[in-house]
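Q: Mind having a look at this structure? Questions to follow.
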Amino acid sequence: QVQLVESGGGLVQAGGSLRLSCAASTNIFSIGAVAWYRQAPGKQRELVARIASGGTTIYADSVKGRFTISRDNAKNTMSLQMNSLKPEDTAVYYCNAHGGSAYPYDYWGQGTQVTVSS
């Protein structure tokens, strides 16, 4: 069973930075796509950023220019660098690995809380 474990969440003031990390128990990040999602209280989970297997990245409009997603296949880790944080970025952040055409998979971490104070 693949396990994803996030770390790096916490409380930060508006304008500050945080770096989230996600470690996988296998080399799952080197196979398909990886992504970060977030869910704020009372809202649906939304995509924050994604790296496709070929390296193409996409970002939610709300975080473009402020967040950067990356992955290190050799270390089985992925990260989300978050700069210029805003109170509206407050949410639980989840890392995700998905892919596979013949044998699709979709793995999630347990989530890490990010709170941005104004």
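Identifiers in this document derive from the order of the structure tokens: chains are assigned A, B, ..., residues are numbered from 1 separately in each chain, and ligands are numbered from 1 in order of occurrence.
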Can you check which parts of stretch 8-69 of chain A lie within 8 Å of stretch 73-88 of chain A? Per residue, the shortest pair of atoms and distance in Å to one decimal, counting only C-alpha atoms, sorted by chain and number, as a tab-separated table.
A:
```
residue	atom	partner	partner_atom	distance
A:Gln13	CA	A:Leu85	CA	7.6
A:Ala14	CA	A:Lys86	CA	5.0
A:Gly15	CA	A:Ser84	CA	4.2
A:Gly16	CA	A:Ser84	CA	5.4
A:Ser17	CA	A:Asn83	CA	4.4
A:Leu18	CA	A:Met82	CA	5.2
A:Arg19	CA	A:Gln81	CA	4.5
A:Leu20	CA	A:Leu80	CA	5.0
A:Ser21	CA	A:Ser79	CA	4.3
A:Cys22	CA	A:Met78	CA	5.2
A:Ala23	CA	A:Thr77	CA	4.5
A:Ala24	CA	A:Asn76	CA	5.5
A:Ser25	CA	A:Asn76	CA	7.5
A:Thr26	CA	A:Asn76	CA	6.8
A:Asn27	CA	A:Asn76	CA	5.5
A:Ile28	CA	A:Asn76	CA	7.3
A:Phe29	CA	A:Asn73	CA	6.0
A:Ser30	CA	A:Asn73	CA	5.1
A:Val34	CA	A:Met78	CA	7.9
A:Trp36	CA	A:Leu80	CA	7.5
A:Arg66	CA	A:Asn83	CA	5.1
A:Phe67	CA	A:Met82	CA	4.5
A:Thr68	CA	A:Gln81	CA	5.1
A:Ile69	CA	A:Leu80	CA	4.6
```
Q: What would the file look like if the residues just selected were written as a PDB file, in the first residue's frame with N, CA and C atoms?
A:
```
ATOM      1  N   GLN A  13       1.791  34.541   9.239  1.00  0.00           N
ATOM      2  CA  GLN A  13       1.125  35.808   8.999  1.00  0.00           C
ATOM      3  C   GLN A  13       0.984  36.061   7.500  1.00  0.00           C
ATOM      4  N   ALA A  14       0.005  36.865   7.161  1.00  0.00           N
ATOM      5  CA  ALA A  14      -0.181  37.233   5.759  1.00  0.00           C
ATOM      6  C   ALA A  14       1.101  37.843   5.209  1.00  0.00           C
ATOM      7  N   GLY A  15       1.439  37.448   3.989  1.00  0.00           N
ATOM      8  CA  GLY A  15       2.678  37.896   3.370  1.00  0.00           C
ATOM      9  C   GLY A  15       3.846  36.967   3.591  1.00  0.00           C
ATOM     10  N   GLY A  16       3.683  36.020   4.491  1.00  0.00           N
ATOM     11  CA  GLY A  16       4.756  35.097   4.798  1.00  0.00           C
ATOM     12  C   GLY A  16       4.812  33.921   3.840  1.00  0.00           C
ATOM     13  N   SER A  17       5.711  32.993   4.163  1.00  0.00           N
ATOM     14  CA  SER A  17       5.931  31.836   3.298  1.00  0.00           C
ATOM     15  C   SER A  17       5.901  30.545   4.110  1.00  0.00           C
ATOM     16  N   LEU A  18       5.530  29.481   3.434  1.00  0.00           N
ATOM     17  CA  LEU A  18       5.604  28.135   3.985  1.00  0.00           C
ATOM     18  C   LEU A  18       5.997  27.195   2.863  1.00  0.00           C
ATOM     19  N   ARG A  19       6.639  26.101   3.244  1.00  0.00           N
ATOM     20  CA  ARG A  19       6.968  25.070   2.272  1.00  0.00           C
ATOM     21  C   ARG A  19       6.376  23.759   2.755  1.00  0.00           C
ATOM     22  N   LEU A  20       5.480  23.201   1.976  1.00  0.00           N
ATOM     23  CA  LEU A  20       4.890  21.905   2.280  1.00  0.00           C
ATOM     24  C   LEU A  20       5.685  20.812   1.564  1.00  0.00           C
ATOM     25  N   SER A  21       5.829  19.702   2.231  1.00  0.00           N
ATOM     26  CA  SER A  21       6.502  18.554   1.630  1.00  0.00           C
ATOM     27  C   SER A  21       5.615  17.327   1.741  1.00  0.00           C
ATOM     28  N   CYS A  22       5.820  16.417   0.835  1.00  0.00           N
ATOM     29  CA  CYS A  22       5.064  15.158   0.833  1.00  0.00           C
ATOM     30  C   CYS A  22       6.033  14.040   0.486  1.00  0.00           C
ATOM     31  N   ALA A  23       6.095  13.048   1.334  1.00  0.00           N
ATOM     32  CA  ALA A  23       6.986  11.910   1.121  1.00  0.00           C
ATOM     33  C   ALA A  23       6.163  10.667   0.812  1.00  0.00           C
ATOM     34  N   ALA A  24       6.589   9.929  -0.196  1.00  0.00           N
ATOM     35  CA  ALA A  24       5.895   8.708  -0.584  1.00  0.00           C
ATOM     36  C   ALA A  24       6.679   7.482  -0.123  1.00  0.00           C
ATOM     37  N   SER A  25       5.967   6.435   0.171  1.00  0.00           N
ATOM     38  CA  SER A  25       6.609   5.201   0.649  1.00  0.00           C
ATOM     39  C   SER A  25       7.174   4.361  -0.495  1.00  0.00           C
ATOM     40  N   THR A  26       6.820   4.739  -1.735  1.00  0.00           N
ATOM     41  CA  THR A  26       7.344   4.042  -2.911  1.00  0.00           C
ATOM     42  C   THR A  26       7.761   5.085  -3.939  1.00  0.00           C
ATOM     43  N   ASN A  27       8.143   4.652  -5.134  1.00  0.00           N
ATOM     44  CA  ASN A  27       8.547   5.583  -6.196  1.00  0.00           C
ATOM     45  C   ASN A  27       7.360   6.042  -7.033  1.00  0.00           C
ATOM     46  N   ILE A  28       6.207   6.144  -6.395  1.00  0.00           N
ATOM     47  CA  ILE A  28       4.973   6.466  -7.116  1.00  0.00           C
ATOM     48  C   ILE A  28       5.045   7.816  -7.811  1.00  0.00           C
ATOM     49  N   PHE A  29       5.808   8.753  -7.270  1.00  0.00           N
ATOM     50  CA  PHE A  29       5.862  10.097  -7.864  1.00  0.00           C
ATOM     51  C   PHE A  29       6.544  10.096  -9.227  1.00  0.00           C
ATOM     52  N   SER A  30       7.350   9.102  -9.504  1.00  0.00           N
ATOM     53  CA  SER A  30       8.066   9.071 -10.776  1.00  0.00           C
ATOM     54  C   SER A  30       7.261   8.392 -11.882  1.00  0.00           C
ATOM     55  N   VAL A  34       1.494  14.246 -10.097  1.00  0.00           N
ATOM     56  CA  VAL A  34       1.401  14.567  -8.673  1.00  0.00           C
ATOM     57  C   VAL A  34       0.720  15.921  -8.547  1.00  0.00           C
ATOM     58  N   TRP A  36      -1.165  19.007  -5.589  1.00  0.00           N
ATOM     59  CA  TRP A  36      -1.586  19.504  -4.279  1.00  0.00           C
ATOM     60  C   TRP A  36      -3.015  20.012  -4.409  1.00  0.00           C
ATOM     61  N   ARG A  66       2.600  32.861  -7.015  1.00  0.00           N
ATOM     62  CA  ARG A  66       2.918  32.828  -5.584  1.00  0.00           C
ATOM     63  C   ARG A  66       3.359  31.442  -5.122  1.00  0.00           C
ATOM     64  N   PHE A  67       2.794  30.396  -5.724  1.00  0.00           N
ATOM     65  CA  PHE A  67       3.094  29.018  -5.330  1.00  0.00           C
ATOM     66  C   PHE A  67       3.904  28.326  -6.415  1.00  0.00           C
ATOM     67  N   THR A  68       4.771  27.414  -5.989  1.00  0.00           N
ATOM     68  CA  THR A  68       5.556  26.620  -6.936  1.00  0.00           C
ATOM     69  C   THR A  68       5.548  25.165  -6.500  1.00  0.00           C
ATOM     70  N   ILE A  69       5.130  24.291  -7.401  1.00  0.00           N
ATOM     71  CA  ILE A  69       5.128  22.861  -7.137  1.00  0.00           C
ATOM     72  C   ILE A  69       6.390  22.243  -7.721  1.00  0.00           C
TER      73      ILE A  69
END
```
Q: From a DSSP pass on the backbone, collect the residues of stretch 6-99 of chain A flagged as helix (DSSP H, G or I) and hand them back as a ChimeraX atom specification.
A: /A:28-30,87-89
Q: Restricting it to all heavy atoms, dump the selection as a PDB file, in the first residue's frame.
A:
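Writing done, so here's part-v2.pdb:
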```
ATOM      1  N   ILE A  28       6.207   6.144  -6.395  1.00  0.00           N
ATOM      2  CA  ILE A  28       4.973   6.466  -7.116  1.00  0.00           C
ATOM      3  C   ILE A  28       5.045   7.816  -7.811  1.00  0.00           C
ATOM      4  O   ILE A  28       4.430   8.026  -8.859  1.00  0.00           O
ATOM      5  CB  ILE A  28       3.762   6.405  -6.154  1.00  0.00           C
ATOM      6  CG1 ILE A  28       2.454   6.328  -6.928  1.00  0.00           C
ATOM      7  CG2 ILE A  28       3.773   7.585  -5.206  1.00  0.00           C
ATOM      8  CD1 ILE A  28       2.245   5.030  -7.643  1.00  0.00           C
ATOM      9  N   PHE A  29       5.808   8.753  -7.270  1.00  0.00           N
ATOM     10  CA  PHE A  29       5.862  10.097  -7.864  1.00  0.00           C
ATOM     11  C   PHE A  29       6.544  10.096  -9.227  1.00  0.00           C
ATOM     12  O   PHE A  29       6.338  11.004 -10.025  1.00  0.00           O
ATOM     13  CB  PHE A  29       6.602  11.058  -6.933  1.00  0.00           C
ATOM     14  CG  PHE A  29       5.861  11.391  -5.680  1.00  0.00           C
ATOM     15  CD1 PHE A  29       6.533  11.936  -4.593  1.00  0.00           C
ATOM     16  CD2 PHE A  29       4.493  11.169  -5.558  1.00  0.00           C
ATOM     17  CE1 PHE A  29       5.860  12.247  -3.426  1.00  0.00           C
ATOM     18  CE2 PHE A  29       3.805  11.468  -4.396  1.00  0.00           C
ATOM     19  CZ  PHE A  29       4.502  12.006  -3.321  1.00  0.00           C
ATOM     20  N   SER A  30       7.350   9.102  -9.504  1.00  0.00           N
ATOM     21  CA  SER A  30       8.066   9.071 -10.776  1.00  0.00           C
ATOM     22  C   SER A  30       7.261   8.392 -11.882  1.00  0.00           C
ATOM     23  O   SER A  30       7.702   8.342 -13.028  1.00  0.00           O
ATOM     24  CB  SER A  30       9.403   8.333 -10.613  1.00  0.00           C
ATOM     25  OG  SER A  30       9.178   6.969 -10.263  1.00  0.00           O
ATOM     26  N   PRO A  87      -4.806  35.331   3.795  1.00  0.00           N
ATOM     27  CA  PRO A  87      -5.758  34.627   4.667  1.00  0.00           C
ATOM     28  C   PRO A  87      -6.637  33.637   3.915  1.00  0.00           C
ATOM     29  O   PRO A  87      -6.995  32.587   4.456  1.00  0.00           O
ATOM     30  CB  PRO A  87      -6.577  35.775   5.267  1.00  0.00           C
ATOM     31  CG  PRO A  87      -5.630  36.927   5.290  1.00  0.00           C
ATOM     32  CD  PRO A  87      -4.822  36.783   4.038  1.00  0.00           C
ATOM     33  N   GLU A  88      -6.960  33.943   2.675  1.00  0.00           N
ATOM     34  CA  GLU A  88      -7.801  33.037   1.898  1.00  0.00           C
ATOM     35  C   GLU A  88      -7.081  31.763   1.471  1.00  0.00           C
ATOM     36  O   GLU A  88      -7.702  30.856   0.900  1.00  0.00           O
ATOM     37  CB  GLU A  88      -8.389  33.739   0.665  1.00  0.00           C
ATOM     38  CG  GLU A  88      -7.376  34.461  -0.186  1.00  0.00           C
ATOM     39  CD  GLU A  88      -7.292  35.945   0.150  1.00  0.00           C
ATOM     40  OE1 GLU A  88      -7.276  36.307   1.353  1.00  0.00           O
ATOM     41  OE2 GLU A  88      -7.216  36.758  -0.804  1.00  0.00           O
ATOM     42  N   ASP A  89      -5.795  31.670   1.729  1.00  0.00           N
ATOM     43  CA  ASP A  89      -5.069  30.423   1.483  1.00  0.00           C
ATOM     44  C   ASP A  89      -5.234  29.436   2.642  1.00  0.00           C
ATOM     45  O   ASP A  89      -4.772  28.294   2.555  1.00  0.00           O
ATOM     46  CB  ASP A  89      -3.574  30.704   1.288  1.00  0.00           C
ATOM     47  CG  ASP A  89      -3.284  31.505   0.033  1.00  0.00           C
ATOM     48  OD1 ASP A  89      -3.910  31.238  -1.011  1.00  0.00           O
ATOM     49  OD2 ASP A  89      -2.423  32.413   0.102  1.00  0.00           O
TER      50      ASP A  89
END
```
Q: Could you pull out all residues of stretch 14-108 of chain A with a DSSP call of strand (DSSP E or B) and give them as an MDAnalysis selection string?
A: chainID A and resid 18:24 33:39 46:51 57:59 67:72 77:82 91:99 105:108
Q: Do you have the atom CA of A:Gly111-atom CA of A:Gln39 distance handy?
A: 9.4 Å
Q: Mind giving me the straight-line distance from atom CA of A:Tyr107 to atom CA of A:Val12 in Å, one decimal?
A: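 Value for the atom CA of A:Tyr107-atom CA of A:Val12 distance: 27.8 Å.
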Q: So which residues touch A:Gly9 within 6 Å, counting only C-alpha atoms, skipping near sequence neighbours fewer than 3 positions away, as a PyMOL selection string?
A: chain A and resi 112-114
Q: Can you tell me how far atom CA of A:Tyr37 sits from atom CA of A:Tyr94, in Å to one decimal?
A: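 The value is 5.1 Å.
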Q: Please identify all polymer residues within 6 Å of A:Gly109, counting only C-alpha atoms, omitting same-chain residues fewer than 6 positions from it, and present them as a VMD selection string.
A: chain A and resid 4 to 5 94 to 95
Q: Could you take the residues named above and write them with N, CA and C atoms, as an mmCIF file, in the first residue's frame?
A:
```
data_model
loop_
_atom_site.group_PDB
_atom_site.id
_atom_site.type_symbol
_atom_site.label_atom_id
_atom_site.label_comp_id
_atom_site.auth_asym_id
_atom_site.auth_seq_id
_atom_site.Cartn_x
_atom_site.Cartn_y
_atom_site.Cartn_z
ATOM 1 N N LEU A 4 1.350 8.376 1.555
ATOM 2 C CA LEU A 4 1.830 9.734 1.329
ATOM 3 C C LEU A 4 1.715 10.482 2.651
ATOM 4 N N VAL A 5 2.789 11.140 3.056
ATOM 5 C CA VAL A 5 2.805 11.843 4.332
ATOM 6 C C VAL A 5 3.236 13.284 4.103
ATOM 7 N N TYR A 94 -3.582 18.824 0.812
ATOM 8 C CA TYR A 94 -3.400 17.396 0.590
ATOM 9 C C TYR A 94 -2.486 17.160 -0.604
ATOM 10 N N CYS A 95 -1.576 16.232 -0.469
ATOM 11 C CA CYS A 95 -0.815 15.820 -1.642
ATOM 12 C C CYS A 95 -1.495 14.612 -2.274
#
```
Q: Under the rule that only C-alpha atoms are counted, which of A:Ala35, A:Ala60, A:Leu11, A:Leu47 is the nearest residue to A:Asp106?
A: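 Of all the options, A:Ala35 lies closest to A:Asp106.
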